[in-house]
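For reference, coords-v9.cif (mmCIF, C-alpha atoms and all ligand atoms):
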data_protein
#
loop_
_atom_site.group_PDB
_atom_site.id
_atom_site.type_symbol
_atom_site.label_atom_id
_atom_site.label_comp_id
_atom_site.auth_asym_id
_atom_site.auth_seq_id
_atom_site.Cartn_x
_atom_site.Cartn_y
_atom_site.Cartn_z
ATOM 1 C CA MET A 1 107.179 104.483 128.299
ATOM 2 C CA SER A 2 105.180 107.202 126.509
ATOM 3 C CA ASP A 3 107.818 109.606 127.860
ATOM 4 C CA TYR A 4 110.383 107.863 125.694
ATOM 5 C CA ILE A 5 108.115 108.024 122.653
ATOM 6 C CA GLN A 6 107.902 111.796 123.176
ATOM 7 C CA ARG A 7 111.679 112.062 123.721
ATOM 8 C CA LEU A 8 112.301 110.175 120.485
ATOM 9 C CA LYS A 9 110.064 112.649 118.661
ATOM 10 C CA ASP A 10 111.796 115.566 120.362
ATOM 11 C CA ILE A 11 115.329 114.556 119.304
ATOM 12 C CA VAL A 12 114.154 114.769 115.678
ATOM 13 C CA THR A 13 112.239 118.041 115.921
ATOM 14 C CA ASP A 14 115.060 119.579 118.036
ATOM 15 C CA PHE A 15 117.687 118.310 115.521
ATOM 16 C CA ASP A 16 119.504 116.795 118.523
ATOM 17 C CA ILE A 17 122.091 114.728 116.651
ATOM 18 C CA ASP A 18 124.414 114.494 119.699
ATOM 19 C CA ASN A 19 121.874 112.734 121.928
ATOM 20 C CA ALA A 20 120.103 110.689 119.246
ATOM 21 C CA GLN A 21 121.918 107.423 119.798
ATOM 22 C CA ALA A 22 121.778 107.665 123.609
ATOM 23 C CA VAL A 23 118.039 108.396 123.685
ATOM 24 C CA ALA A 24 117.334 105.506 121.299
ATOM 25 C CA LYS A 25 119.450 103.171 123.471
ATOM 26 C CA GLU A 26 117.701 104.272 126.667
ATOM 27 C CA ALA A 27 114.300 103.848 125.070
ATOM 28 C CA ILE A 28 115.053 100.300 123.921
ATOM 29 C CA GLU A 29 116.693 99.360 127.233
ATOM 30 C CA SER A 30 113.661 100.572 129.133
ATOM 31 C CA GLY A 31 111.409 98.294 127.128
ATOM 32 C CA VAL A 32 109.973 100.502 124.387
ATOM 33 C CA ASP A 33 108.800 98.336 121.463
ATOM 34 C CA PRO A 34 111.381 98.996 118.704
ATOM 35 C CA VAL A 35 108.673 99.166 116.019
ATOM 36 C CA ALA A 36 106.856 101.827 118.073
ATOM 37 C CA ALA A 37 110.179 103.660 118.512
ATOM 38 C CA ALA A 38 110.698 103.618 114.734
ATOM 39 C CA ALA A 39 107.157 104.913 114.216
ATOM 40 C CA ALA A 40 107.813 107.799 116.635
ATOM 41 C CA LEU A 41 110.905 108.840 114.669
ATOM 42 C CA THR A 42 108.960 108.509 111.402
ATOM 43 C CA ASP A 43 106.088 110.691 112.678
ATOM 44 C CA ALA A 44 108.531 113.353 113.806
ATOM 45 C CA ILE A 45 110.534 113.470 110.583
ATOM 46 C CA ARG A 46 107.284 113.716 108.605
ATOM 47 C CA GLN A 47 106.453 116.767 110.725
ATOM 48 C CA VAL A 48 109.835 118.237 109.775
ATOM 49 C CA GLY A 49 109.151 117.360 106.120
ATOM 50 C CA ASP A 50 105.739 119.053 106.233
ATOM 51 C CA ALA A 51 107.289 122.216 107.687
ATOM 52 C CA PHE A 52 109.934 122.093 104.926
ATOM 53 C CA GLY A 53 107.152 121.688 102.337
ATOM 54 C CA LYS A 54 105.432 124.814 103.714
ATOM 55 C CA GLY A 55 108.661 126.810 103.664
ATOM 56 C CA ASP A 56 108.855 127.037 107.480
ATOM 57 C CA LEU A 57 112.047 124.935 107.571
ATOM 58 C CA PHE A 58 114.932 124.651 105.104
ATOM 59 C CA LEU A 59 117.091 121.970 103.500
ATOM 60 C CA PRO A 60 119.793 122.055 106.221
ATOM 61 C CA ASP A 61 117.010 121.328 108.759
ATOM 62 C CA LEU A 62 115.937 118.320 106.696
ATOM 63 C CA VAL A 63 119.551 117.139 106.567
ATOM 64 C CA CYS A 64 119.983 117.514 110.357
ATOM 65 C CA ALA A 65 116.715 115.689 111.089
ATOM 66 C CA SER A 66 117.785 112.838 108.839
ATOM 67 C CA GLU A 67 121.174 112.737 110.639
ATOM 68 C CA VAL A 68 119.244 112.189 113.889
ATOM 69 C CA LEU A 69 117.461 109.222 112.297
ATOM 70 C CA LYS A 70 120.743 107.866 110.952
ATOM 71 C CA LYS A 71 122.142 107.812 114.514
ATOM 72 C CA ALA A 72 119.002 106.433 116.185
ATOM 73 C CA PHE A 73 117.935 103.846 113.617
ATOM 74 C CA PRO A 74 120.897 101.424 113.912
ATOM 75 C CA VAL A 75 120.073 100.951 117.618
ATOM 76 C CA ILE A 76 116.405 100.344 116.830
ATOM 77 C CA ASN A 77 117.135 98.127 113.824
ATOM 78 C CA GLU A 78 119.444 95.979 115.939
ATOM 79 C CA ALA A 79 116.630 95.489 118.475
ATOM 80 C CA ILE A 80 114.156 94.605 115.705
ATOM 81 C CA GLU A 81 116.601 92.121 114.163
ATOM 82 C CA LYS A 82 117.284 90.501 117.570
ATOM 83 C CA SER A 83 113.578 90.088 118.192
ATOM 84 C CA GLY A 84 113.021 88.448 114.809
ATOM 85 C CA ARG A 85 113.584 85.095 113.261
ATOM 86 C CA LYS A 86 116.963 84.596 111.653
ATOM 87 C CA GLN A 87 116.486 81.600 109.410
ATOM 88 C CA ALA A 88 115.479 83.682 106.389
ATOM 89 C CA SER A 89 113.177 81.015 105.049
ATOM 90 C CA LEU A 90 110.016 82.806 104.009
ATOM 91 C CA GLY A 91 111.250 83.943 100.598
ATOM 92 C CA LYS A 92 113.615 86.300 98.817
ATOM 93 C CA VAL A 93 112.952 90.020 98.506
ATOM 94 C CA VAL A 94 114.966 92.395 96.326
ATOM 95 C CA ILE A 95 114.518 95.947 97.618
ATOM 96 C CA GLY A 96 115.793 99.397 96.717
ATOM 97 C CA THR A 97 115.014 103.081 96.266
ATOM 98 C CA VAL A 98 114.467 103.943 92.606
ATOM 99 C CA PHE A 99 116.800 105.811 90.269
ATOM 100 C CA GLY A 100 117.133 109.550 90.961
ATOM 101 C CA ASP A 101 116.043 109.159 94.565
ATOM 102 C CA ILE A 102 118.415 109.047 97.542
ATOM 103 C CA HIS A 103 115.875 108.692 100.379
ATOM 104 C CA SER A 104 117.013 105.633 102.318
ATOM 105 C CA ILE A 105 115.312 105.638 105.712
ATOM 106 C CA GLY A 106 111.872 104.191 104.891
ATOM 107 C CA LYS A 107 113.349 101.624 102.509
ATOM 108 C CA GLY A 108 115.778 100.626 105.253
ATOM 109 C CA MET A 109 112.921 100.132 107.699
ATOM 110 C CA VAL A 110 111.036 97.891 105.297
ATOM 111 C CA ALA A 111 114.229 95.850 104.724
ATOM 112 C CA THR A 112 114.864 95.452 108.471
ATOM 113 C CA LEU A 113 111.311 94.360 109.271
ATOM 114 C CA LEU A 114 111.331 91.870 106.384
ATOM 115 C CA TYR A 115 114.613 90.431 107.634
ATOM 116 C CA ALA A 116 113.252 90.196 111.173
ATOM 117 C CA ALA A 117 110.142 88.440 109.863
ATOM 118 C CA GLY A 118 112.304 85.735 108.261
ATOM 119 C CA PHE A 119 112.820 86.852 104.663
ATOM 120 C CA LYS A 120 116.140 86.859 102.818
ATOM 121 C CA VAL A 121 116.576 90.502 101.852
ATOM 122 C CA ILE A 122 118.792 91.732 99.030
ATOM 123 C CA ASP A 123 119.045 95.490 99.601
ATOM 124 C CA LEU A 124 120.334 97.251 96.484
ATOM 125 C CA GLY A 125 120.465 100.614 98.286
ATOM 126 C CA ILE A 126 119.406 103.964 96.853
ATOM 127 C CA ASN A 127 119.349 105.528 93.371
ATOM 128 C CA VAL A 128 119.010 102.043 91.861
ATOM 129 C CA LYS A 129 118.929 101.900 88.067
ATOM 130 C CA GLY A 130 116.100 99.937 86.454
ATOM 131 C CA ASP A 131 118.528 97.464 84.889
ATOM 132 C CA ASP A 132 120.047 96.712 88.277
ATOM 133 C CA PHE A 133 116.621 95.830 89.701
ATOM 134 C CA LEU A 134 116.000 93.518 86.725
ATOM 135 C CA LYS A 135 119.430 91.895 87.040
ATOM 136 C CA ALA A 136 118.954 91.228 90.766
ATOM 137 C CA VAL A 137 115.438 89.813 90.305
ATOM 138 C CA LYS A 138 116.745 87.426 87.658
ATOM 139 C CA GLU A 139 120.013 86.393 89.300
ATOM 140 C CA GLU A 140 118.516 85.999 92.772
ATOM 141 C CA ASN A 141 115.344 84.385 91.468
ATOM 142 C CA ALA A 142 113.491 86.759 93.785
ATOM 143 C CA ASP A 143 109.962 86.101 94.989
ATOM 144 C CA VAL A 144 109.284 89.797 95.553
ATOM 145 C CA LEU A 145 110.570 93.096 94.202
ATOM 146 C CA ALA A 146 109.977 95.980 96.634
ATOM 147 C CA MET A 147 110.563 99.531 95.393
ATOM 148 C CA SER A 148 110.586 102.768 97.354
ATOM 149 C CA ALA A 149 110.136 106.282 95.925
ATOM 150 C CA LEU A 150 109.852 109.458 97.995
ATOM 151 C CA LEU A 151 109.646 112.052 95.248
ATOM 152 C CA THR A 152 106.726 112.640 92.900
ATOM 153 C CA THR A 153 109.355 112.986 90.159
ATOM 154 C CA THR A 154 110.821 109.520 90.826
ATOM 155 C CA ALA A 155 107.557 107.641 91.464
ATOM 156 C CA MET A 156 107.221 106.936 87.719
ATOM 157 C CA GLU A 157 110.547 105.043 87.842
ATOM 158 C CA GLN A 158 108.563 102.257 89.508
ATOM 159 C CA LYS A 159 106.400 102.023 86.395
ATOM 160 C CA LYS A 160 109.485 101.892 84.169
ATOM 161 C CA VAL A 161 110.910 98.999 86.172
ATOM 162 C CA ILE A 162 107.611 97.083 85.940
ATOM 163 C CA GLN A 163 107.617 97.656 82.168
ATOM 164 C CA GLY A 164 111.236 96.443 82.120
ATOM 165 C CA LEU A 165 110.181 93.248 83.923
ATOM 166 C CA LYS A 166 107.500 92.684 81.272
ATOM 167 C CA ASP A 167 109.935 93.314 78.398
ATOM 168 C CA ALA A 168 112.430 90.874 79.925
ATOM 169 C CA GLY A 169 109.756 88.177 80.370
ATOM 170 C CA LEU A 170 110.188 88.318 84.165
ATOM 171 C CA ARG A 171 106.896 89.901 85.237
ATOM 172 C CA ASP A 172 105.089 86.623 85.968
ATOM 173 C CA ARG A 173 107.986 85.313 88.067
ATOM 174 C CA VAL A 174 107.971 88.036 90.716
ATOM 175 C CA LYS A 175 105.460 89.928 92.861
ATOM 176 C CA VAL A 176 105.954 93.692 92.876
ATOM 177 C CA ILE A 177 105.177 95.904 95.865
ATOM 178 C CA VAL A 178 105.669 99.660 95.901
ATOM 179 C CA GLY A 179 105.768 102.248 98.676
ATOM 180 C CA GLY A 180 106.972 105.681 99.749
ATOM 181 C CA SER A 181 105.199 108.849 100.802
ATOM 182 C CA PRO A 182 103.858 109.959 97.366
ATOM 183 C CA ILE A 183 102.613 106.433 96.541
ATOM 184 C CA ASN A 184 99.077 105.189 97.215
ATOM 185 C CA GLN A 185 96.941 102.222 96.247
ATOM 186 C CA GLU A 186 95.497 103.996 93.225
ATOM 187 C CA PHE A 187 98.968 104.812 91.887
ATOM 188 C CA ALA A 188 100.161 101.254 92.543
ATOM 189 C CA ASP A 189 97.186 99.883 90.591
ATOM 190 C CA SER A 190 97.735 102.341 87.750
ATOM 191 C CA ILE A 191 101.351 101.243 87.188
ATOM 192 C CA GLY A 192 100.541 97.517 87.375
ATOM 193 C CA ALA A 193 102.131 96.727 90.753
ATOM 194 C CA ASP A 194 100.760 93.738 92.666
ATOM 195 C CA ALA A 195 100.543 95.646 95.918
ATOM 196 C CA TYR A 196 101.146 98.787 97.926
ATOM 197 C CA GLY A 197 102.217 99.186 101.552
ATOM 198 C CA ALA A 198 101.670 102.473 103.389
ATOM 199 C CA THR A 199 104.091 101.594 106.196
ATOM 200 C CA ALA A 200 106.916 99.126 106.749
ATOM 201 C CA PRO A 201 104.878 96.801 109.040
ATOM 202 C CA GLU A 202 102.003 96.877 106.553
ATOM 203 C CA GLY A 203 104.466 96.082 103.755
ATOM 204 C CA VAL A 204 105.540 92.906 105.573
ATOM 205 C CA LYS A 205 101.901 91.855 106.056
ATOM 206 C CA VAL A 206 101.051 92.507 102.414
ATOM 207 C CA ILE A 207 104.103 90.593 101.164
ATOM 208 C CA LYS A 208 103.150 87.605 103.331
ATOM 209 C CA ARG A 209 99.649 87.769 101.883
ATOM 210 C CA LEU A 210 101.011 87.978 98.323
ATOM 211 C CA LEU A 211 103.093 84.852 98.891
ATOM 212 C CA GLY A 212 100.274 82.994 100.633
ATOM 213 C CA ILE A 213 102.098 82.886 103.991
ATOM 214 C CA GLU A 214 99.834 83.010 107.115
HETATM 215 C C1 LIG A 301 114.720 112.978 105.408
HETATM 216 C C2 LIG A 301 114.338 113.590 104.094
HETATM 217 C C3 LIG A 301 115.388 113.871 103.206
HETATM 218 C C4 LIG A 301 116.843 113.491 103.454
HETATM 219 C C5 LIG A 301 117.016 111.997 103.106
HETATM 220 C C6 LIG A 301 118.098 111.325 103.927
HETATM 221 C C7 LIG A 301 118.080 109.824 103.756
HETATM 222 N N1 LIG A 301 119.251 109.238 103.966
HETATM 223 O O1 LIG A 301 117.100 109.178 103.459
HETATM 224 C C8 LIG A 301 117.591 114.459 102.500
HETATM 225 C C9 LIG A 301 117.903 115.720 103.256
HETATM 226 C C10 LIG A 301 118.865 113.921 101.858
HETATM 227 C C11 LIG A 301 116.487 114.757 101.472
HETATM 228 C C12 LIG A 301 116.739 115.234 100.205
HETATM 229 C C13 LIG A 301 115.741 115.681 99.344
HETATM 230 N N2 LIG A 301 114.409 115.756 99.616
HETATM 231 CO CO1 LIG A 301 113.585 114.870 101.134
HETATM 232 N N3 LIG A 301 112.613 114.424 102.655
HETATM 233 C C14 LIG A 301 112.979 113.869 103.774
HETATM 234 C C15 LIG A 301 111.736 113.722 104.685
HETATM 235 C C16 LIG A 301 111.724 114.873 105.685
HETATM 236 C C17 LIG A 301 111.610 112.446 105.459
HETATM 237 C C18 LIG A 301 111.740 111.155 104.643
HETATM 238 C C19 LIG A 301 111.922 110.008 105.617
HETATM 239 O O2 LIG A 301 113.004 109.506 105.800
HETATM 240 N N4 LIG A 301 110.829 109.658 106.326
HETATM 241 C C20 LIG A 301 110.860 108.614 107.345
HETATM 242 C C21 LIG A 301 110.596 107.285 106.708
HETATM 243 C C22 LIG A 301 110.577 106.177 107.754
HETATM 244 O O3 LIG A 301 109.320 107.383 106.086
HETATM 245 P P1 LIG A 301 109.077 107.044 104.553
HETATM 246 O O4 LIG A 301 110.335 107.229 103.785
HETATM 247 O O5 LIG A 301 107.857 107.706 104.078
HETATM 248 O O6 LIG A 301 108.841 105.479 104.596
HETATM 249 C C23 LIG A 301 107.709 104.914 105.222
HETATM 250 C C24 LIG A 301 106.577 104.621 104.235
HETATM 251 O O7 LIG A 301 106.498 105.553 103.173
HETATM 252 C C25 LIG A 301 106.839 103.233 103.818
HETATM 253 N N5 LIG A 301 107.722 102.929 102.688
HETATM 254 C C26 LIG A 301 108.748 103.619 102.164
HETATM 255 N N6 LIG A 301 109.276 102.957 101.136
HETATM 256 C C27 LIG A 301 108.587 101.823 100.996
HETATM 257 C C28 LIG A 301 108.719 100.765 100.094
HETATM 258 C C29 LIG A 301 107.841 99.693 100.185
HETATM 259 C C30 LIG A 301 107.978 98.570 99.228
HETATM 260 C C31 LIG A 301 106.815 99.682 101.177
HETATM 261 C C32 LIG A 301 105.888 98.558 101.266
HETATM 262 C C33 LIG A 301 106.689 100.733 102.079
HETATM 263 C C34 LIG A 301 107.567 101.789 101.977
HETATM 264 O O8 LIG A 301 107.405 102.614 104.965
HETATM 265 C C35 LIG A 301 108.188 103.554 105.694
HETATM 266 C C36 LIG A 301 108.016 103.319 107.166
HETATM 267 O O9 LIG A 301 106.732 103.132 107.598
HETATM 268 C C37 LIG A 301 110.578 113.815 103.628
HETATM 269 C C38 LIG A 301 109.210 114.246 104.170
HETATM 270 C C39 LIG A 301 108.143 113.184 104.003
HETATM 271 N N7 LIG A 301 106.932 113.520 104.377
HETATM 272 O O10 LIG A 301 108.377 112.104 103.508
HETATM 273 C C40 LIG A 301 111.205 114.787 102.611
HETATM 274 C C41 LIG A 301 110.706 114.795 101.177
HETATM 275 C C42 LIG A 301 110.432 113.398 100.672
HETATM 276 N N8 LIG A 301 111.859 115.345 100.450
HETATM 277 C C43 LIG A 301 111.520 116.182 99.518
HETATM 278 C C44 LIG A 301 112.433 116.869 98.672
HETATM 279 C C45 LIG A 301 111.833 117.912 97.740
HETATM 280 C C46 LIG A 301 113.805 116.569 98.696
HETATM 281 C C47 LIG A 301 114.882 117.195 97.782
HETATM 282 C C48 LIG A 301 114.501 117.333 96.297
HETATM 283 C C49 LIG A 301 115.280 118.545 98.417
HETATM 284 C C50 LIG A 301 116.234 119.394 97.607
HETATM 285 N N9 LIG A 301 115.754 120.551 97.224
HETATM 286 O O11 LIG A 301 117.338 118.977 97.346
HETATM 287 C C51 LIG A 301 116.055 116.201 97.983
HETATM 288 C C52 LIG A 301 115.971 115.041 96.958
HETATM 289 C C53 LIG A 301 117.243 114.304 96.802
HETATM 290 C C54 LIG A 301 117.012 113.069 95.908
HETATM 291 N N10 LIG A 301 117.399 113.152 94.666
HETATM 292 O O12 LIG A 301 116.478 112.084 96.352
HETATM 293 C C55 LIG A 301 110.005 116.341 99.420
HETATM 294 C C56 LIG A 301 109.409 115.585 98.222
HETATM 295 C C57 LIG A 301 108.329 116.399 97.558
HETATM 296 C C58 LIG A 301 107.706 115.632 96.435
HETATM 297 N N11 LIG A 301 106.408 115.477 96.531
HETATM 298 O O13 LIG A 301 108.340 115.175 95.528
HETATM 299 C C59 LIG A 301 109.527 115.829 100.828
HETATM 300 C C60 LIG A 301 108.124 115.192 100.837
HETATM 301 C C61 LIG A 301 109.569 117.069 101.775
HETATM 302 C C62 LIG A 301 108.521 118.109 101.419
HETATM 303 N N12 LIG A 301 107.412 118.151 102.156
HETATM 304 O O14 LIG A 301 108.723 118.882 100.503
HETATM 305 N N13 LIG A 301 115.257 114.517 102.000
#

I need this file expressed as structure tokens, please.
Ligand code: B12
Amino acid sequence: MSDYIQRLKDIVTDFDIDNAQAVAKEAIESGVDPVAAAAALTDAIRQVGDAFGKGDLFLPDLVCASEVLKKAFPVINEAIEKSGRKQASLGKVVIGTVFGDIHSIGKGMVATLLYAAGFKVIDLGINVKGDDFLKAVKEENADVLAMSALLTTTAMEQKKVIQGLKDAGLRDRVKVIVGGSPINQEFADSIGADAYGATAPEGVKVIKRLLGIE
């Protein structure tokens, strides 16, 4: 089993787009926990990101590593969804990656785990304008707004959206959770979010806590 965890990491660090889907399928079919499989891919792409940050790897490497995740994740997401509850009864979550930011993978993981846990998830996608978050919260009467930001330059968009909720008189109607690699608890507190989640599974736990479930 741990062999598969290593192989999942290797397909990312070797930029092995061609075998990504097959390795993910084999891993799931041989009984690897899909959440652990997702964590292995996440660890590996962070490694690639760190090397990019240090100048040891370049943008095309980042693009290829993310292509590996794009091939492997649908297989893993399908397994997570199958293992979860489908009745979508726990509450409604509007989720998206903030304006100016096109990172989709982490946000997608949070959305999948929420769905599997039994939430109705309205995924607005990436590069979501503040007004579109506000519109969705209002029209869907959402219980939770979950925002992802992966760039230090886009993290402040989360604050703008929270201010927008206040200006529109919606702030008291919805719980706000933020996440993404540059975000931490201190930042979440400073922008007036209700909560922060460091990982997708933690995000689900925190949202349940916020809504008084379990
Ligand atoms: C893959 C990747 C890309 C891909 C994205 C493909 C895609 N479809 O998403 C591509 C190649 C397109 C890309 C582009 C860029 N990227 Co980029 N990218 C990454 C990389 C390597 C991995 C991100 C990822 O997918 N991780 C895997 C997922 C699963 O992890 P995650 O997103 O962190 O999510 C987890 C948690 O954070 C959390 N989470 C995430 N969101 C939320 C939300 C909520 C509510 C909760 C509770 C939890 C939560 O749960 C997730 C799972 O546990 C990171 C490195 C890193 N350390 O993050 C750089 C990184 C984020 N990118 C970076 C940069 C600089 C860029 C570019 C500006 C590069 C350029 N010069 O063009 C562009 C920006 C484009 C834009 N406007 O958005 C920098 C950001 C630096 C900074 N501090 O601002 C990083 C940190 C790399 C680095 N070390 O320099 N990137």

* ligand LIG 301 (chain A) neighbours within 7 Å using all atoms listed in the file, as number ranges by chain -> A: 39, 42, 45-46, 48-53, 59, 62-63, 65-66, 100-107, 109-110, 146-153, 177-182, 196-203

Write the residues of the selection above to a file with C-alpha atoms, as a CSV table (one decimal), in the coordinates of the input.
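Dumped everything to selection.csv:
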chain,number,residue,atom,x,y,z
A,39,ALA,CA,107.2,104.9,114.2
A,42,THR,CA,109.0,108.5,111.4
A,45,ILE,CA,110.5,113.5,110.6
A,46,ARG,CA,107.3,113.7,108.6
A,48,VAL,CA,109.8,118.2,109.8
A,49,GLY,CA,109.2,117.4,106.1
A,50,ASP,CA,105.7,119.1,106.2
A,51,ALA,CA,107.3,122.2,107.7
A,52,PHE,CA,109.9,122.1,104.9
A,53,GLY,CA,107.2,121.7,102.3
A,59,LEU,CA,117.1,122.0,103.5
A,62,LEU,CA,115.9,118.3,106.7
A,63,VAL,CA,119.6,117.1,106.6
A,65,ALA,CA,116.7,115.7,111.1
A,66,SER,CA,117.8,112.8,108.8
A,100,GLY,CA,117.1,109.6,91.0
A,101,ASP,CA,116.0,109.2,94.6
A,102,ILE,CA,118.4,109.0,97.5
A,103,HIS,CA,115.9,108.7,100.4
A,104,SER,CA,117.0,105.6,102.3
A,105,ILE,CA,115.3,105.6,105.7
A,106,GLY,CA,111.9,104.2,104.9
A,107,LYS,CA,113.3,101.6,102.5
A,109,MET,CA,112.9,100.1,107.7
A,110,VAL,CA,111.0,97.9,105.3
A,146,ALA,CA,110.0,96.0,96.6
A,147,MET,CA,110.6,99.5,95.4
A,148,SER,CA,110.6,102.8,97.4
A,149,ALA,CA,110.1,106.3,95.9
A,150,LEU,CA,109.9,109.5,98.0
A,151,LEU,CA,109.6,112.1,95.2
A,152,THR,CA,106.7,112.6,92.9
A,153,THR,CA,109.4,113.0,90.2
A,177,ILE,CA,105.2,95.9,95.9
A,178,VAL,CA,105.7,99.7,95.9
A,179,GLY,CA,105.8,102.2,98.7
A,180,GLY,CA,107.0,105.7,99.7
A,181,SER,CA,105.2,108.8,100.8
A,182,PRO,CA,103.9,110.0,97.4
A,196,TYR,CA,101.1,98.8,97.9
A,197,GLY,CA,102.2,99.2,101.6
A,198,ALA,CA,101.7,102.5,103.4
A,199,THR,CA,104.1,101.6,106.2
A,200,ALA,CA,106.9,99.1,106.7
A,201,PRO,CA,104.9,96.8,109.0
A,202,GLU,CA,102.0,96.9,106.6
A,203,GLY,CA,104.5,96.1,103.8

* What residues come out when you apply the PyMOL selection byres (((chain A and resi 90) around 9) and not hetatm) to this file, written as number ranges by chain? -> A: 87-89, 91-92, 117-120, 208, 211, 213

* Reference answer for the PyMOL selection byres (((chain A and resi 28) around 12) and not hetatm), as number ranges by chain -> A: 1, 4-5, 8, 21-27, 29-38, 72-80, 82-83

* To do: Have a look at atom CA of A:Asn19 and atom CA of A:Asp3 and let me know their distance in Å, one decimal.
  =>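 Atom CA of A:Asn19 sits 15.6 Å away from atom CA of A:Asp3.
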
* Have a look at atom CA of A:Val144 and atom CA of A:Glu157 and let me know their distance in Å, one decimal. =>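 Taking atom CA of A:Val144 as the start and atom CA of A:Glu157 as the end point, the length is 17.1 Å.
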
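You will find atom CA of A:Ala155 at 20.5 Å from atom CA of A:Val204.
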
* To do: Write out as a list in words each polymer residue whose atoms come within 10 Å of A:Leu170, counting all atoms listed in the file; drop sequence neighbours fewer than 6 positions from it.
  => Leu134, Val137, Lys138, Asn141, Ile162, Gln163 and Gly164 of chain A

* To do: Given the file shown, enumerate the residues that the PyMOL selection byres (((chain A and resi 64) around 10) and not hetatm) captures and present them as a VMD selection string.
  => chain A and resid 12 to 17 59 to 63 65 to 70

* Kindly indicate which residue among A:Asp167, A:Gln158, A:Lys205, A:Asp131 lies nearest to A:Ile191, using all atoms listed in the file for the distances. =>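 Using all atoms listed in the file, the shortest distance to A:Ile191 belongs to A:Gln158.
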
* To do: Select, from A:Leu113, A:Thr97, A:Asp43, A:Lys166, the residue with the minimum atom-to-atom distance to A:Gln6, counting all atoms listed in the file.
  => A:Asp43

Dump C-alpha atoms of stretch 13-59 of chain A from the given block, as a PDB file, in the first residue's frame.
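As a result, out17.pdb now contains:
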ATOM      1  CA  THR A  13       7.840  14.709  -9.210  1.00  0.00           C
ATOM      2  CA  ASP A  14       8.675  12.835 -12.463  1.00  0.00           C
ATOM      3  CA  PHE A  15       6.038  14.897 -14.370  1.00  0.00           C
ATOM      4  CA  ASP A  16       4.652  11.559 -15.614  1.00  0.00           C
ATOM      5  CA  ILE A  17       1.443  12.827 -17.216  1.00  0.00           C
ATOM      6  CA  ASP A  18       1.048   9.691 -19.396  1.00  0.00           C
ATOM      7  CA  ASN A  19       0.841   7.264 -16.466  1.00  0.00           C
ATOM      8  CA  ALA A  20      -0.953   9.534 -13.988  1.00  0.00           C
ATOM      9  CA  GLN A  21      -4.454   8.219 -14.518  1.00  0.00           C
ATOM     10  CA  ALA A  22      -3.368   4.556 -14.599  1.00  0.00           C
ATOM     11  CA  VAL A  23      -1.342   4.815 -11.382  1.00  0.00           C
ATOM     12  CA  ALA A  24      -4.224   6.567  -9.603  1.00  0.00           C
ATOM     13  CA  LYS A  25      -6.641   3.852 -10.802  1.00  0.00           C
ATOM     14  CA  GLU A  26      -4.327   1.048  -9.675  1.00  0.00           C
ATOM     15  CA  ALA A  27      -3.831   2.679  -6.299  1.00  0.00           C
ATOM     16  CA  ILE A  28      -7.570   3.015  -5.681  1.00  0.00           C
ATOM     17  CA  GLU A  29      -8.304  -0.496  -6.978  1.00  0.00           C
ATOM     18  CA  SER A  30      -5.705  -1.950  -4.653  1.00  0.00           C
ATOM     19  CA  GLY A  31      -7.393  -0.367  -1.666  1.00  0.00           C
ATOM     20  CA  VAL A  32      -5.459   2.845  -1.036  1.00  0.00           C
ATOM     21  CA  ASP A  33      -7.629   5.297   0.936  1.00  0.00           C
ATOM     22  CA  PRO A  34      -8.549   8.007  -1.617  1.00  0.00           C
ATOM     23  CA  VAL A  35      -7.997  10.794   0.933  1.00  0.00           C
ATOM     24  CA  ALA A  36      -4.486   9.437   1.597  1.00  0.00           C
ATOM     25  CA  ALA A  37      -3.923   9.238  -2.177  1.00  0.00           C
ATOM     26  CA  ALA A  38      -4.957  12.893  -2.521  1.00  0.00           C
ATOM     27  CA  ALA A  39      -2.618  13.840   0.327  1.00  0.00           C
ATOM     28  CA  ALA A  40       0.284  12.058  -1.406  1.00  0.00           C
ATOM     29  CA  LEU A  41      -0.304  14.050  -4.600  1.00  0.00           C
ATOM     30  CA  THR A  42      -0.604  17.262  -2.560  1.00  0.00           C
ATOM     31  CA  ASP A  43       2.684  16.614  -0.715  1.00  0.00           C
ATOM     32  CA  ALA A  44       4.464  15.959  -3.990  1.00  0.00           C
ATOM     33  CA  ILE A  45       3.160  19.035  -5.793  1.00  0.00           C
ATOM     34  CA  ARG A  46       4.129  21.173  -2.789  1.00  0.00           C
ATOM     35  CA  GLN A  47       7.652  19.788  -3.187  1.00  0.00           C
ATOM     36  CA  VAL A  48       7.567  20.865  -6.838  1.00  0.00           C
ATOM     37  CA  GLY A  49       6.233  24.280  -5.764  1.00  0.00           C
ATOM     38  CA  ASP A  50       9.023  24.691  -3.200  1.00  0.00           C
ATOM     39  CA  ALA A  51      11.649  23.865  -5.836  1.00  0.00           C
ATOM     40  CA  PHE A  52       9.994  26.410  -8.165  1.00  0.00           C
ATOM     41  CA  GLY A  53      10.073  28.983  -5.342  1.00  0.00           C
ATOM     42  CA  LYS A  54      13.825  28.382  -4.915  1.00  0.00           C
ATOM     43  CA  GLY A  55      14.465  28.699  -8.643  1.00  0.00           C
ATOM     44  CA  ASP A  56      15.418  25.012  -9.031  1.00  0.00           C
ATOM     45  CA  LEU A  57      12.381  24.327 -11.248  1.00  0.00           C
ATOM     46  CA  PHE A  58      10.557  26.538 -13.753  1.00  0.00           C
ATOM     47  CA  LEU A  59       7.002  27.434 -14.743  1.00  0.00           C
TER      48      LEU A  59
END
